[in-house]
Amino acid sequence: MDNVNSFLFDWAIRFLENKDTIRKEIINIEKNENNSDFIIHYKDKVMYFIIKPILEGNIFSRINVNDSYGIFTLNNAANVRFVVTEWRNLVEFKFLRIYFINPFSSADKVWAISPYIHDRICDKASLELGLKSMAEMVMPIGVEELSNKLRLLKEAPGQ
């Protein structure tokens with residue numbers, strides 16, 4: 001699991017840096033601070049990031065309701081189900097963004113949601129269907145499948 005977390009950590013930072021290439025708002029990135037895996041200091045805010053391949057209830061103890069947080073998790077049915085099940089808790093965090101990712105997807109590699117904002121604009125009766133539709137943009141992946149892909153990459157000739 002350390003290999004998976006390390007890979008996702010590096011991937012998330014590269015993703016956010018690449019996303020910032022035009023705006024140039026990132027000032028500094030700090031690694032391993034308090035309850036977060038890394039912190040990004042932007043020109044106008046500080047955002048804390050957590051790498052959590054599988055979402056679980058203990059994630060709430062790592063998030064401060066008054067701060068901006070991003071969670072990077074794998075795109076799979078279990079994580080989407082967690083978000084649907086915990087929706088009432090998630091919408092309490094005004095500045096939370098959840099990134100569902102599959103770095104090896106042949107389609108899109110990431111989709112994201114801000115539960116607080118989404119809750120105000122979506123039809124609550126179709127929440128689960130809407131999240132599943134967004135999740136279909138990125139191929140699903142589990143921890144074991146990601147771990148196997150990383151192992152194969154290491155074993156590939158020239159690596």
# chains A, B, ... in the order shown; residues from 1 in each chain; ligands from 1
>>> residues_around(residues="segment 4-6 of chain A", least_positions_apart="4", cutoff="8 Å", atoms="only C-alpha atoms", output="list in words")
Asp10, Ile51, Lys52, Pro53, Val143, Leu146, Ser147 and Leu150 of chain A
>>> residues_around(residues="Arg62 of chain A", least_positions_apart="6", cutoff="12 Å", atoms="only C-alpha atoms", output="list in words")
Glu33, Asn34, Asn35, Ser36, Asp37, Tyr48, Phe49, Ile50, Ile51, Lys52, Glu56, Ser68, Tyr69, Gly70, Ile71, Phe93 and Leu96 of chain A
>>> residues_around(residues="Tyr42 of chain A", least_positions_apart="2", cutoff="10 Å", atoms="only C-alpha atoms", output="list in words")
Asp20, Lys24, Glu25, Ile26, Ile27, Asn28, Ile29, Ile39, Ile40, Asp44, Lys45, Val46 and Met47 of chain A
>>> write_last_selection(atoms="C-alpha atoms", output="PDB file, in the first residue's frame")
ATOM      1  CA  ASP A  20      -1.652  25.598 -12.558  1.00  0.00           C
ATOM      2  CA  LYS A  24       0.627  30.414 -11.936  1.00  0.00           C
ATOM      3  CA  GLU A  25      -1.094  30.678  -8.545  1.00  0.00           C
ATOM      4  CA  ILE A  26       0.961  28.065  -6.658  1.00  0.00           C
ATOM      5  CA  ILE A  27       3.547  29.708  -4.422  1.00  0.00           C
ATOM      6  CA  ASN A  28       4.823  26.730  -2.430  1.00  0.00           C
ATOM      7  CA  ILE A  29       4.170  23.027  -1.761  1.00  0.00           C
ATOM      8  CA  ILE A  39      -0.210  21.563   1.538  1.00  0.00           C
ATOM      9  CA  ILE A  40      -0.273  23.961  -1.383  1.00  0.00           C
ATOM     10  CA  ASP A  44      -5.118  33.641  -2.325  1.00  0.00           C
ATOM     11  CA  LYS A  45      -5.464  30.554  -0.059  1.00  0.00           C
ATOM     12  CA  VAL A  46      -3.858  27.546   1.541  1.00  0.00           C
ATOM     13  CA  MET A  47      -5.199  24.116   0.581  1.00  0.00           C
TER      14      MET A  47
END
>>> residues_around(residues="segment 109-114 of chain A", least_positions_apart="5", cutoff="8 Å", atoms="only C-alpha atoms", output="PyMOL selection string")
chain A and resi 75+95-104+134-135+137-139
>>> atom_distance(atom1="atom CA of Asp119 of chain A", atom2="atom CA of Lys94 of chain A")
10.5 Å
>>> select_by_dssp(residues="chain A", states="helix (DSSP H, G or I)", output="ChimeraX atom specification")
/A:2-19,57-62,77-85,87-90,115-121,124-135,143-155
>>> atom_distance(atom1="atom CA of Ala107 of chain A", atom2="atom CA of Arg23 of chain A")
25.0 Å
